[in-house]
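K.L.:
Sharing query-v9.pdb below, PDB, C-alpha atoms:
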```pdb
ATOM      1  CA  MET A   1       0.000   0.000   0.000
ATOM      2  CA  SER A   2       1.399   3.390  -0.980
ATOM      3  CA  ILE A   3       0.380   6.274   1.292
ATOM      4  CA  ASN A   4       0.584   9.725  -0.303
ATOM      5  CA  SER A   5      -1.535  12.057   1.844
ATOM      6  CA  ILE A   6      -0.326  12.516   5.416
ATOM      7  CA  LEU A   7      -1.611  14.693   8.251
ATOM      8  CA  ILE A   8       1.125  15.653  10.744
ATOM      9  CA  THR A   9       0.243  17.127  14.125
ATOM     10  CA  GLY A  10       2.924  19.358  15.627
ATOM     11  CA  ALA A  11       4.119  20.166  12.096
ATOM     12  CA  ALA A  12       5.851  23.375  13.208
ATOM     13  CA  GLY A  13       7.633  21.490  15.984
ATOM     14  CA  PHE A  14      11.150  20.078  15.833
ATOM     15  CA  ILE A  15      10.447  16.533  14.591
ATOM     16  CA  GLY A  16       7.230  17.489  12.765
ATOM     17  CA  PHE A  17       9.030  20.119  10.683
ATOM     18  CA  HIS A  18      11.801  17.728   9.605
ATOM     19  CA  LEU A  19       9.326  14.951   8.794
ATOM     20  CA  ALA A  20       7.031  17.262   6.811
ATOM     21  CA  LYS A  21       9.981  18.657   4.836
ATOM     22  CA  ARG A  22      11.215  15.162   3.972
ATOM     23  CA  LEU A  23       7.755  13.969   2.857
ATOM     24  CA  LEU A  24       7.177  17.127   0.793
ATOM     25  CA  GLU A  25      10.533  16.643  -0.922
ATOM     26  CA  GLU A  26       9.341  13.133  -1.828
ATOM     27  CA  GLY A  27       6.224  14.620  -3.473
ATOM     28  CA  LYS A  28       3.729  13.667  -0.764
ATOM     29  CA  THR A  29       0.748  15.835   0.188
ATOM     30  CA  VAL A  30       1.146  17.047   3.775
ATOM     31  CA  ILE A  31      -1.456  18.667   6.027
ATOM     32  CA  GLY A  32       0.177  20.261   9.040
ATOM     33  CA  ILE A  33      -1.570  21.011  12.334
ATOM     34  CA  ASP A  34       0.037  23.181  15.002
ATOM     35  CA  ASN A  35      -1.222  25.447  17.777
ATOM     36  CA  PHE A  36       2.072  27.428  17.987
ATOM     37  CA  SER A  37       2.023  27.123  21.783
ATOM     38  CA  SER A  38       4.246  29.392  23.847
ATOM     39  CA  TYR A  39       5.934  26.491  25.696
ATOM     40  CA  TYR A  40       9.035  27.710  23.869
ATOM     41  CA  ASP A  41       9.725  30.670  21.556
ATOM     42  CA  PRO A  42       6.947  30.603  18.900
ATOM     43  CA  SER A  43       9.175  32.549  16.474
ATOM     44  CA  LEU A  44      11.191  29.351  15.943
ATOM     45  CA  LYS A  45       7.961  27.547  15.044
ATOM     46  CA  GLU A  46       6.957  30.385  12.718
ATOM     47  CA  ALA A  47      10.318  30.139  10.932
ATOM     48  CA  ARG A  48       9.901  26.394  10.453
ATOM     49  CA  ALA A  49       6.320  26.845   9.193
ATOM     50  CA  ALA A  50       7.423  29.538   6.751
ATOM     51  CA  MET A  51       9.872  27.082   5.177
ATOM     52  CA  LEU A  52       7.181  24.416   4.799
ATOM     53  CA  LEU A  53       4.689  26.855   3.292
ATOM     54  CA  LYS A  54       7.031  27.303   0.315
ATOM     55  CA  TYR A  55       5.998  23.822  -0.841
ATOM     56  CA  GLY A  56       2.874  23.667  -3.010
ATOM     57  CA  CYS A  57       1.642  20.403  -1.465
ATOM     58  CA  PHE A  58       1.656  21.724   2.125
ATOM     59  CA  THR A  59      -1.396  23.041   3.977
ATOM     60  CA  LEU A  60      -1.139  24.510   7.474
ATOM     61  CA  GLU A  61      -4.020  24.479   9.946
ATOM     62  CA  ARG A  62      -3.446  26.651  13.020
ATOM     63  CA  VAL A  63      -5.588  24.725  15.450
ATOM     64  CA  ASP A  64      -5.262  23.008  18.794
ATOM     65  CA  MET A  65      -5.838  19.282  18.542
ATOM     66  CA  SER A  66      -7.536  19.304  21.959
ATOM     67  CA  ASP A  67     -10.354  21.357  20.369
ATOM     68  CA  ARG A  68     -13.170  18.848  20.054
ATOM     69  CA  THR A  69     -15.257  20.938  17.665
ATOM     70  CA  VAL A  70     -12.606  21.853  15.097
ATOM     71  CA  MET A  71     -10.741  18.520  14.770
ATOM     72  CA  PRO A  72     -13.572  16.563  13.087
ATOM     73  CA  GLU A  73     -13.800  19.376  10.493
ATOM     74  CA  ILE A  74     -10.062  19.129   9.754
ATOM     75  CA  PHE A  75     -10.351  15.383   9.136
ATOM     76  CA  ARG A  76     -13.449  15.748   6.944
ATOM     77  CA  LYS A  77     -11.892  18.558   4.931
ATOM     78  CA  HIS A  78      -8.559  16.857   4.185
ATOM     79  CA  THR A  79      -9.317  13.073   4.415
ATOM     80  CA  PRO A  80      -5.662  12.052   4.980
ATOM     81  CA  GLU A  81      -4.605   8.485   4.232
ATOM     82  CA  ALA A  82      -2.244   8.444   7.217
ATOM     83  CA  VAL A  83      -1.767  10.501  10.364
ATOM     84  CA  VAL A  84       1.493  11.055  12.227
ATOM     85  CA  ASN A  85       0.802  12.415  15.698
ATOM     86  CA  LEU A  86       3.855  14.353  16.903
ATOM     87  CA  ALA A  87       2.057  17.135  18.781
ATOM     88  CA  ALA A  88       2.478  16.768  22.522
ATOM     89  CA  GLN A  89       3.180  18.749  25.599
ATOM     90  CA  ALA A  90       6.787  17.657  25.892
ATOM     91  CA  GLY A  91       9.340  17.772  28.665
ATOM     92  CA  VAL A  92       9.666  15.729  31.834
ATOM     93  CA  ARG A  93      10.550  18.636  34.129
ATOM     94  CA  TYR A  94       7.740  20.922  32.955
ATOM     95  CA  SER A  95       5.219  18.216  33.864
ATOM     96  CA  LEU A  96       6.049  18.842  37.524
ATOM     97  CA  LYS A  97       4.951  22.481  37.159
ATOM     98  CA  ASN A  98       2.043  22.314  34.733
ATOM     99  CA  PRO A  99       0.408  18.864  34.789
ATOM    100  CA  HIS A 100      -2.894  20.001  33.238
ATOM    101  CA  SER A 101      -1.275  20.947  29.930
ATOM    102  CA  TYR A 102      -0.176  17.304  29.547
ATOM    103  CA  VAL A 103      -3.714  16.063  30.040
ATOM    104  CA  ASP A 104      -5.138  18.580  27.533
ATOM    105  CA  THR A 105      -2.731  17.843  24.690
ATOM    106  CA  ASN A 106      -1.466  14.325  25.290
ATOM    107  CA  LEU A 107      -4.753  12.734  26.384
ATOM    108  CA  VAL A 108      -7.694  14.881  25.211
ATOM    109  CA  GLY A 109      -5.911  15.792  21.971
ATOM    110  CA  PHE A 110      -4.994  12.180  21.311
ATOM    111  CA  VAL A 111      -8.601  11.008  21.702
ATOM    112  CA  ASN A 112      -9.575  13.601  19.080
ATOM    113  CA  ILE A 113      -6.917  12.154  16.746
ATOM    114  CA  LEU A 114      -8.127   8.597  17.320
ATOM    115  CA  GLU A 115     -11.737   9.624  16.654
ATOM    116  CA  GLY A 116     -10.735  11.524  13.506
ATOM    117  CA  CYS A 117      -8.895   8.453  12.206
ATOM    118  CA  ARG A 118     -11.752   6.116  13.098
ATOM    119  CA  HIS A 119     -14.468   8.133  11.351
ATOM    120  CA  ASN A 120     -12.531   9.082   8.227
ATOM    121  CA  GLY A 121     -11.021   5.853   6.937
ATOM    122  CA  VAL A 122      -7.426   6.624   7.903
ATOM    123  CA  LYS A 123      -5.248   3.686   6.820
ATOM    124  CA  HIS A 124      -2.491   4.115   9.420
ATOM    125  CA  LEU A 125      -1.998   6.132  12.601
ATOM    126  CA  VAL A 126       1.659   6.538  13.565
ATOM    127  CA  PHE A 127       2.147   8.251  16.913
ATOM    128  CA  ALA A 128       5.100   9.463  18.961
ATOM    129  CA  SER A 129       5.637   7.686  22.208
ATOM    130  CA  SER A 130       8.839   8.186  24.203
ATOM    131  CA  SER A 131      11.770   6.401  25.803
ATOM    132  CA  SER A 132      10.464   7.891  29.057
ATOM    133  CA  VAL A 133       7.791   5.145  29.189
ATOM    134  CA  TYR A 134      10.536   2.773  30.407
ATOM    135  CA  GLY A 135      10.486   4.720  33.686
ATOM    136  CA  ALA A 136      11.853   2.671  36.573
ATOM    137  CA  ASN A 137      12.973  -0.204  34.288
ATOM    138  CA  THR A 138      16.698  -0.941  34.635
ATOM    139  CA  LYS A 139      17.192  -3.929  32.311
ATOM    140  CA  MET A 140      19.222  -2.663  29.336
ATOM    141  CA  PRO A 141      18.849  -2.211  26.454
ATOM    142  CA  PHE A 142      15.207  -1.141  26.747
ATOM    143  CA  SER A 143      13.089  -3.468  24.605
ATOM    144  CA  VAL A 144       9.548  -3.069  23.261
ATOM    145  CA  HIS A 145       9.006  -6.595  24.570
ATOM    146  CA  HIS A 146       9.494  -5.438  28.177
ATOM    147  CA  ASN A 147       6.560  -4.286  30.316
ATOM    148  CA  VAL A 148       6.509  -0.543  31.013
ATOM    149  CA  ASP A 149       4.222  -0.140  33.991
ATOM    150  CA  HIS A 150       6.267   2.145  36.267
ATOM    151  CA  PRO A 151       6.496   5.664  34.778
ATOM    152  CA  VAL A 152       8.413   8.212  36.872
ATOM    153  CA  SER A 153       6.837  11.378  35.407
ATOM    154  CA  LEU A 154       3.367  12.451  34.319
ATOM    155  CA  TYR A 155       4.750  13.040  30.815
ATOM    156  CA  ALA A 156       5.808   9.371  30.658
ATOM    157  CA  ALA A 157       2.425   8.273  32.004
ATOM    158  CA  THR A 158       0.591  10.184  29.247
ATOM    159  CA  LYS A 159       2.793   8.541  26.599
ATOM    160  CA  LYS A 160       2.094   5.086  28.030
ATOM    161  CA  ALA A 161      -1.612   6.055  28.036
ATOM    162  CA  ASN A 162      -1.354   6.901  24.305
ATOM    163  CA  GLU A 163      -0.065   3.396  23.611
ATOM    164  CA  LEU A 164      -2.976   1.868  25.539
ATOM    165  CA  MET A 165      -5.569   4.148  23.917
ATOM    166  CA  ALA A 166      -4.248   3.324  20.440
ATOM    167  CA  HIS A 167      -4.433  -0.389  21.165
ATOM    168  CA  SER A 168      -8.073  -0.094  22.206
ATOM    169  CA  TYR A 169      -8.916   1.589  18.872
ATOM    170  CA  ALA A 170      -6.928  -1.050  16.963
ATOM    171  CA  HIS A 171      -8.999  -3.705  18.767
ATOM    172  CA  LEU A 172     -12.422  -2.003  18.595
ATOM    173  CA  TYR A 173     -12.313  -0.469  15.117
ATOM    174  CA  GLY A 174      -9.468  -2.246  13.314
ATOM    175  CA  LEU A 175      -7.531   1.066  13.139
ATOM    176  CA  PRO A 176      -3.909   0.196  12.295
ATOM    177  CA  CYS A 177      -1.676   1.959  14.861
ATOM    178  CA  THR A 178       2.089   2.107  15.277
ATOM    179  CA  GLY A 179       3.708   3.732  18.308
ATOM    180  CA  LEU A 180       7.295   4.990  18.100
ATOM    181  CA  ARG A 181       9.365   5.400  21.239
ATOM    182  CA  PHE A 182      11.875   8.149  20.429
ATOM    183  CA  PHE A 183      15.163   8.371  22.331
ATOM    184  CA  THR A 184      16.657  11.849  23.099
ATOM    185  CA  VAL A 185      16.366  13.489  19.679
ATOM    186  CA  TYR A 186      18.778  16.304  18.732
ATOM    187  CA  GLY A 187      19.799  18.235  15.639
ATOM    188  CA  PRO A 188      19.249  21.454  13.638
ATOM    189  CA  TRP A 189      16.026  23.341  14.400
ATOM    190  CA  GLY A 190      15.940  21.547  17.774
ATOM    191  CA  ARG A 191      13.882  22.444  20.826
ATOM    192  CA  PRO A 192      15.242  25.287  22.998
ATOM    193  CA  ASP A 193      14.297  23.429  26.209
ATOM    194  CA  MET A 194      16.581  20.475  25.422
ATOM    195  CA  ALA A 195      20.156  20.008  26.627
ATOM    196  CA  LEU A 196      22.068  20.650  23.391
ATOM    197  CA  PHE A 197      20.262  23.951  22.735
ATOM    198  CA  LEU A 198      20.549  25.093  26.371
ATOM    199  CA  PHE A 199      24.221  24.117  26.572
ATOM    200  CA  THR A 200      25.204  25.726  23.259
ATOM    201  CA  ARG A 201      23.472  28.999  24.100
ATOM    202  CA  ALA A 202      24.941  29.168  27.627
ATOM    203  CA  ILE A 203      28.507  28.318  26.541
ATOM    204  CA  LEU A 204      28.460  30.928  23.761
ATOM    205  CA  GLU A 205      27.112  33.513  26.223
ATOM    206  CA  GLY A 206      29.767  32.654  28.822
ATOM    207  CA  ARG A 207      27.269  31.228  31.319
ATOM    208  CA  ALA A 208      27.594  28.006  33.291
ATOM    209  CA  ILE A 209      25.571  24.961  32.239
ATOM    210  CA  ASP A 210      23.459  22.903  34.649
ATOM    211  CA  VAL A 211      24.653  19.290  34.653
ATOM    212  CA  PHE A 212      22.241  17.017  36.510
ATOM    213  CA  ASN A 213      23.124  13.872  38.488
ATOM    214  CA  TYR A 214      26.667  15.311  38.589
ATOM    215  CA  GLY A 215      27.055  14.271  34.954
ATOM    216  CA  LYS A 216      26.529  10.585  35.735
ATOM    217  CA  MET A 217      23.821  10.163  33.086
ATOM    218  CA  LYS A 218      23.777   8.107  29.910
ATOM    219  CA  ARG A 219      21.512   8.868  26.987
ATOM    220  CA  ASP A 220      20.865   7.192  23.673
ATOM    221  CA  PHE A 221      21.224  10.459  21.726
ATOM    222  CA  THR A 222      19.509  10.096  18.334
ATOM    223  CA  TYR A 223      20.067  12.444  15.400
ATOM    224  CA  ILE A 224      16.959  13.964  13.812
ATOM    225  CA  ASP A 225      17.598  12.579  10.296
ATOM    226  CA  ASP A 226      17.677   9.044  11.733
ATOM    227  CA  ILE A 227      14.358   9.614  13.499
ATOM    228  CA  VAL A 228      12.785  10.908  10.279
ATOM    229  CA  GLU A 229      14.124   7.988   8.221
ATOM    230  CA  GLY A 230      12.572   5.575  10.697
ATOM    231  CA  VAL A 231       9.209   7.361  10.681
ATOM    232  CA  VAL A 232       9.057   7.589   6.872
ATOM    233  CA  ARG A 233       9.647   3.847   6.566
ATOM    234  CA  VAL A 234       7.134   2.995   9.294
ATOM    235  CA  ILE A 235       4.344   5.106   7.679
ATOM    236  CA  GLN A 236       4.336   2.773   4.677
ATOM    237  CA  ARG A 237       4.411  -0.374   6.837
ATOM    238  CA  VAL A 238       0.788  -0.697   7.962
ATOM    239  CA  PRO A 239       0.548  -3.271  10.782
ATOM    240  CA  SER A 240      -1.761  -6.255  10.793
ATOM    241  CA  GLY A 241      -2.582  -8.530  13.701
ATOM    242  CA  SER A 242       0.086 -11.023  14.704
ATOM    243  CA  PRO A 243      -1.140 -14.641  14.358
ATOM    244  CA  ASP A 244       1.425 -15.769  16.968
ATOM    245  CA  TRP A 245       0.235 -13.340  19.661
ATOM    246  CA  THR A 246      -1.296 -14.991  22.702
ATOM    247  CA  GLY A 247      -3.020 -13.653  25.796
ATOM    248  CA  ASP A 248      -1.343 -16.392  27.867
ATOM    249  CA  ALA A 249       2.011 -14.652  27.387
ATOM    250  CA  PRO A 250       1.099 -11.208  26.041
ATOM    251  CA  ASP A 251       3.906  -9.493  24.137
ATOM    252  CA  PRO A 252       3.600  -5.715  24.762
ATOM    253  CA  SER A 253       5.109  -4.851  21.352
ATOM    254  CA  SER A 254       2.381  -6.387  19.184
ATOM    255  CA  SER A 255      -1.156  -7.746  19.285
ATOM    256  CA  TYR A 256      -3.861  -9.832  17.641
ATOM    257  CA  ALA A 257      -5.105  -6.348  16.595
ATOM    258  CA  PRO A 258      -3.303  -4.218  13.945
ATOM    259  CA  TYR A 259      -0.905  -2.635  16.444
ATOM    260  CA  ARG A 260       2.900  -2.336  16.741
ATOM    261  CA  LEU A 261       5.499  -0.579  18.883
ATOM    262  CA  TYR A 262       9.077   0.271  17.914
ATOM    263  CA  ASN A 263      12.034   1.966  19.554
ATOM    264  CA  ILE A 264      13.879   4.529  17.441
ATOM    265  CA  GLY A 265      17.176   5.206  19.164
ATOM    266  CA  ASN A 266      20.865   5.229  18.337
ATOM    267  CA  ASN A 267      21.421   1.885  20.141
ATOM    268  CA  ASN A 268      24.544   3.430  21.715
ATOM    269  CA  PRO A 269      24.247   5.175  25.109
ATOM    270  CA  VAL A 270      26.756   7.980  25.683
ATOM    271  CA  GLU A 271      27.735   9.600  28.974
ATOM    272  CA  LEU A 272      26.488  13.169  29.370
ATOM    273  CA  MET A 273      30.057  14.380  30.023
ATOM    274  CA  ARG A 274      31.135  12.951  26.647
ATOM    275  CA  TYR A 275      28.210  14.774  24.993
ATOM    276  CA  ILE A 276      29.449  18.008  26.581
ATOM    277  CA  GLU A 277      33.057  17.293  25.494
ATOM    278  CA  VAL A 278      32.019  16.908  21.835
ATOM    279  CA  LEU A 279      30.097  20.188  22.091
ATOM    280  CA  GLU A 280      33.106  21.935  23.706
ATOM    281  CA  ASP A 281      35.400  20.647  20.944
ATOM    282  CA  THR A 282      32.952  21.842  18.264
ATOM    283  CA  LEU A 283      32.607  25.324  19.802
ATOM    284  CA  GLY A 284      36.282  25.584  20.799
ATOM    285  CA  ILE A 285      35.188  26.736  24.270
ATOM    286  CA  LYS A 286      35.323  24.944  27.639
ATOM    287  CA  ALA A 287      32.038  24.903  29.526
ATOM    288  CA  GLN A 288      31.629  26.094  33.089
ATOM    289  CA  LYS A 289      29.564  23.412  34.847
ATOM    290  CA  ASN A 290      27.089  23.560  37.717
ATOM    291  CA  LEU A 291      27.058  19.963  38.947
ATOM    292  CA  LEU A 292      23.617  19.291  40.400
ATOM    293  CA  PRO A 293      21.707  16.303  41.838
ATOM    294  CA  MET A 294      19.270  14.232  39.784
ATOM    295  CA  GLN A 295      15.994  15.991  39.036
ATOM    296  CA  ALA A 296      12.644  14.469  39.961
ATOM    297  CA  GLY A 297      11.148  12.472  37.079
ATOM    298  CA  ASP A 298      14.513  11.864  35.399
ATOM    299  CA  VAL A 299      16.207   8.509  34.801
ATOM    300  CA  PRO A 300      19.959   7.756  34.958
ATOM    301  CA  ALA A 301      20.220   5.983  31.593
ATOM    302  CA  THR A 302      18.417   5.167  28.336
ATOM    303  CA  TYR A 303      19.448   2.582  25.744
ATOM    304  CA  ALA A 304      17.291   1.445  22.823
ATOM    305  CA  ASP A 305      17.000  -2.094  21.518
ATOM    306  CA  VAL A 306      16.152  -1.486  17.848
ATOM    307  CA  GLU A 307      16.139  -5.102  16.650
ATOM    308  CA  ASP A 308      12.421  -5.028  15.744
ATOM    309  CA  LEU A 309      12.750  -1.784  13.771
ATOM    310  CA  GLU A 310      15.749  -3.121  11.854
ATOM    311  CA  ARG A 311      13.993  -6.430  11.110
ATOM    312  CA  ASP A 312      10.698  -4.874   9.955
ATOM    313  CA  VAL A 313      11.778  -1.746   8.051
ATOM    314  CA  GLY A 314      15.465  -2.460   7.347
ATOM    315  CA  PHE A 315      16.871   0.544   9.184
ATOM    316  CA  LYS A 316      18.666   1.431  12.395
ATOM    317  CA  PRO A 317      19.964   4.864  13.441
ATOM    318  CA  ALA A 318      23.749   5.249  13.287
ATOM    319  CA  THR A 319      24.704   8.973  13.241
ATOM    320  CA  SER A 320      27.499   9.617  15.755
ATOM    321  CA  LEU A 321      27.644  12.630  18.081
ATOM    322  CA  GLU A 322      30.863  13.625  16.325
ATOM    323  CA  ASP A 323      28.821  14.041  13.126
ATOM    324  CA  GLY A 324      25.524  15.253  14.599
ATOM    325  CA  ILE A 325      26.586  17.895  17.126
ATOM    326  CA  PRO A 326      28.645  19.963  14.611
ATOM    327  CA  ARG A 327      25.602  20.038  12.286
ATOM    328  CA  PHE A 328      23.486  21.439  15.114
ATOM    329  CA  VAL A 329      26.122  24.028  16.053
ATOM    330  CA  GLN A 330      26.441  25.163  12.419
ATOM    331  CA  TRP A 331      22.659  25.608  12.233
ATOM    332  CA  PHE A 332      22.614  27.460  15.585
ATOM    333  CA  ARG A 333      25.339  29.893  14.472
ATOM    334  CA  ASP A 334      23.601  30.509  11.129
ATOM    335  CA  TYR A 335      20.124  30.940  12.607
ATOM    336  CA  TYR A 336      21.177  33.292  15.427
ATOM    337  CA  LYS A 337      23.862  34.948  13.282
ATOM    338  CA  ILE A 338      26.687  34.185  15.740
TER     339      ILE A 338
END
```
What is this file in structure tokens?
P.N.:
Amino acid sequence: MSINSILITGAAGFIGFHLAKRLLEEGKTVIGIDNFSSYYDPSLKEARAAMLLKYGCFTLERVDMSDRTVMPEIFRKHTPEAVVNLAAQAGVRYSLKNPHSYVDTNLVGFVNILEGCRHNGVKHLVFASSSSVYGANTKMPFSVHHNVDHPVSLYAATKKANELMAHSYAHLYGLPCTGLRFFTVYGPWGRPDMALFLFTRAILEGRAIDVFNYGKMKRDFTYIDDIVEGVVRVIQRVPSGSPDWTGDAPDPSSSYAPYRLYNIGNNNPVELMRYIEVLEDTLGIKAQKNLLPMQAGDVPATYADVEDLERDVGFKPATSLEDGIPRFVQWFRDYYKI
């Protein structure tokens, strides 16, 4: 099945922008939804949207997906063949301060997406989950075949809820759903609330950077182009029920219903201090560091098992920090004219 018309929520966001651009360059029709929230500087979102609007096959809808009256109209008007849900209230730490925004976007908004797909013949719903769903799990690498029942932040709990909600729609209505657990995404046009952006800005301005858990963190840092490649391949791979699935030994990654989960991560955890070293080498400046304790809701390490992704779509991320960080820094200098 070839899918040519795709609705992307969060299209002016970091991952949404890169995915939309890639699909447009491949000649696909893309409908973008974004509410341009002020969680971080909306001017960055406006700049991304302006680039997408140069493509003839791109339509932008400035709406909030938690709006129950407008979302059915969007689906009826555009009748997309596939939906990629990337809009979310992101950030583990912000969920400690503003829990209601996570419920509005990640739960209410997601129900509106599920209903839109159900009533409008959408062939495939692909949705962003997160490595944060692994929560208190310590068995490494994190596998989609492991249970994830102990989230350590509300953000993680809403992402786990999305996986459960999608499964119920796959079961009830035969809606094919694929959830993608992203691992620490970075790259050009990245989010200003994430470490690489915060660190780069602070170092260039001569300010100290906050390094949590005294730097004793490991992350499976994944370059944006690798995330996009994985998503593009998954869109075209519409899941069907697994004949081998059994309720006696339920595998969390699949189902008798048309439902699948994949990790998309670099499959190579790196210590935070090494991440900072590569950034220092790229900038030619040593960072001043505030070494701080672990923050509530955070986890000490992430590490993606991507065996299922590689087997099913023939791809695994492989961009090194030594390649990826300089590309981000070059973009940052160009964009902010430094």
K.L.:
Quick one: everything within 6 Å of stretch 171-188 of chain A, counting all atoms listed in the file, minus sequence neighbours fewer than 4 positions away in the same chain. Send it as a list of chain:residue names.
P.N.:
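Selected residues are A:His124, A:Leu125, A:Val126, A:Phe127, A:Ala128, A:Ser129, A:Ser130, A:Ser131, A:Asp220, A:Phe221, A:Thr222, A:Tyr223, A:Ile224, A:Pro239, A:Ala257, A:Pro258, A:Tyr259, A:Arg260, A:Leu261, A:Tyr262, A:Asn263, A:Ile264, A:Gly265, A:Phe328, A:Trp331.
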K.L.:
For the residues in that selection, give me C-alpha atoms as an mmCIF file, keeping the file's coordinate frame.
P.N.:
```
data_model
loop_
_atom_site.group_PDB
_atom_site.id
_atom_site.type_symbol
_atom_site.label_atom_id
_atom_site.label_comp_id
_atom_site.auth_asym_id
_atom_site.auth_seq_id
_atom_site.Cartn_x
_atom_site.Cartn_y
_atom_site.Cartn_z
ATOM 1 C CA HIS A 124 -2.491 4.115 9.420
ATOM 2 C CA LEU A 125 -1.998 6.132 12.601
ATOM 3 C CA VAL A 126 1.659 6.538 13.565
ATOM 4 C CA PHE A 127 2.147 8.251 16.913
ATOM 5 C CA ALA A 128 5.100 9.463 18.961
ATOM 6 C CA SER A 129 5.637 7.686 22.208
ATOM 7 C CA SER A 130 8.839 8.186 24.203
ATOM 8 C CA SER A 131 11.770 6.401 25.803
ATOM 9 C CA ASP A 220 20.865 7.192 23.673
ATOM 10 C CA PHE A 221 21.224 10.459 21.726
ATOM 11 C CA THR A 222 19.509 10.096 18.334
ATOM 12 C CA TYR A 223 20.067 12.444 15.400
ATOM 13 C CA ILE A 224 16.959 13.964 13.812
ATOM 14 C CA PRO A 239 0.548 -3.271 10.782
ATOM 15 C CA ALA A 257 -5.105 -6.348 16.595
ATOM 16 C CA PRO A 258 -3.303 -4.218 13.945
ATOM 17 C CA TYR A 259 -0.905 -2.635 16.444
ATOM 18 C CA ARG A 260 2.900 -2.336 16.741
ATOM 19 C CA LEU A 261 5.499 -0.579 18.883
ATOM 20 C CA TYR A 262 9.077 0.271 17.914
ATOM 21 C CA ASN A 263 12.034 1.966 19.554
ATOM 22 C CA ILE A 264 13.879 4.529 17.441
ATOM 23 C CA GLY A 265 17.176 5.206 19.164
ATOM 24 C CA PHE A 328 23.486 21.439 15.114
ATOM 25 C CA TRP A 331 22.659 25.608 12.233
#
```
K.L.:
For this file, the PyMOL selection byres ((chain A and resi 13) around 8) selects which residues, as a list in words?
P.N.:
Gly10, Ala11, Ala12, Phe14, Ile15, Gly16, Phe17, Asp34, Lys45, Arg48, Ala87 and Arg191 of chain A
K.L.:
Work out how far atom CA of A:Gly116 is from atom CA of A:Arg62, in Å to one decimal.
P.N.:
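Rounded to one decimal, the two atoms are 16.8 Å apart.
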K.L.:
I need the residue nearest A:Thr79 from this list: A:Arg237, A:Arg93, A:Arg118, A:Lys160. Use only C-alpha atoms for the distance.
P.N.:
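Checking each candidate against A:Thr79, we get A:Arg118 as the closest.
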K.L.:
With the PyMOL selection byres ((chain A and resi 23) around 10) as the selection, what would be picked from this file? Answer as a list in words, please.
P.N.:
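Selection result, ordered by chain and number: Asn4, Ser5, Ile6, His18, Leu19, Ala20, Lys21, Arg22, Leu24, Glu25, Glu26, Gly27, Lys28, Thr29, Val30, Cys57, Phe58, Val228 and Val232 of chain A.
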K.L.:
Quick one: pull the distance between atom CA of A:Met273 and atom CA of A:Pro300, Å, one decimal.
P.N.:
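Pair atom CA of A:Met273 / atom CA of A:Pro300 returns 13.0 Å.
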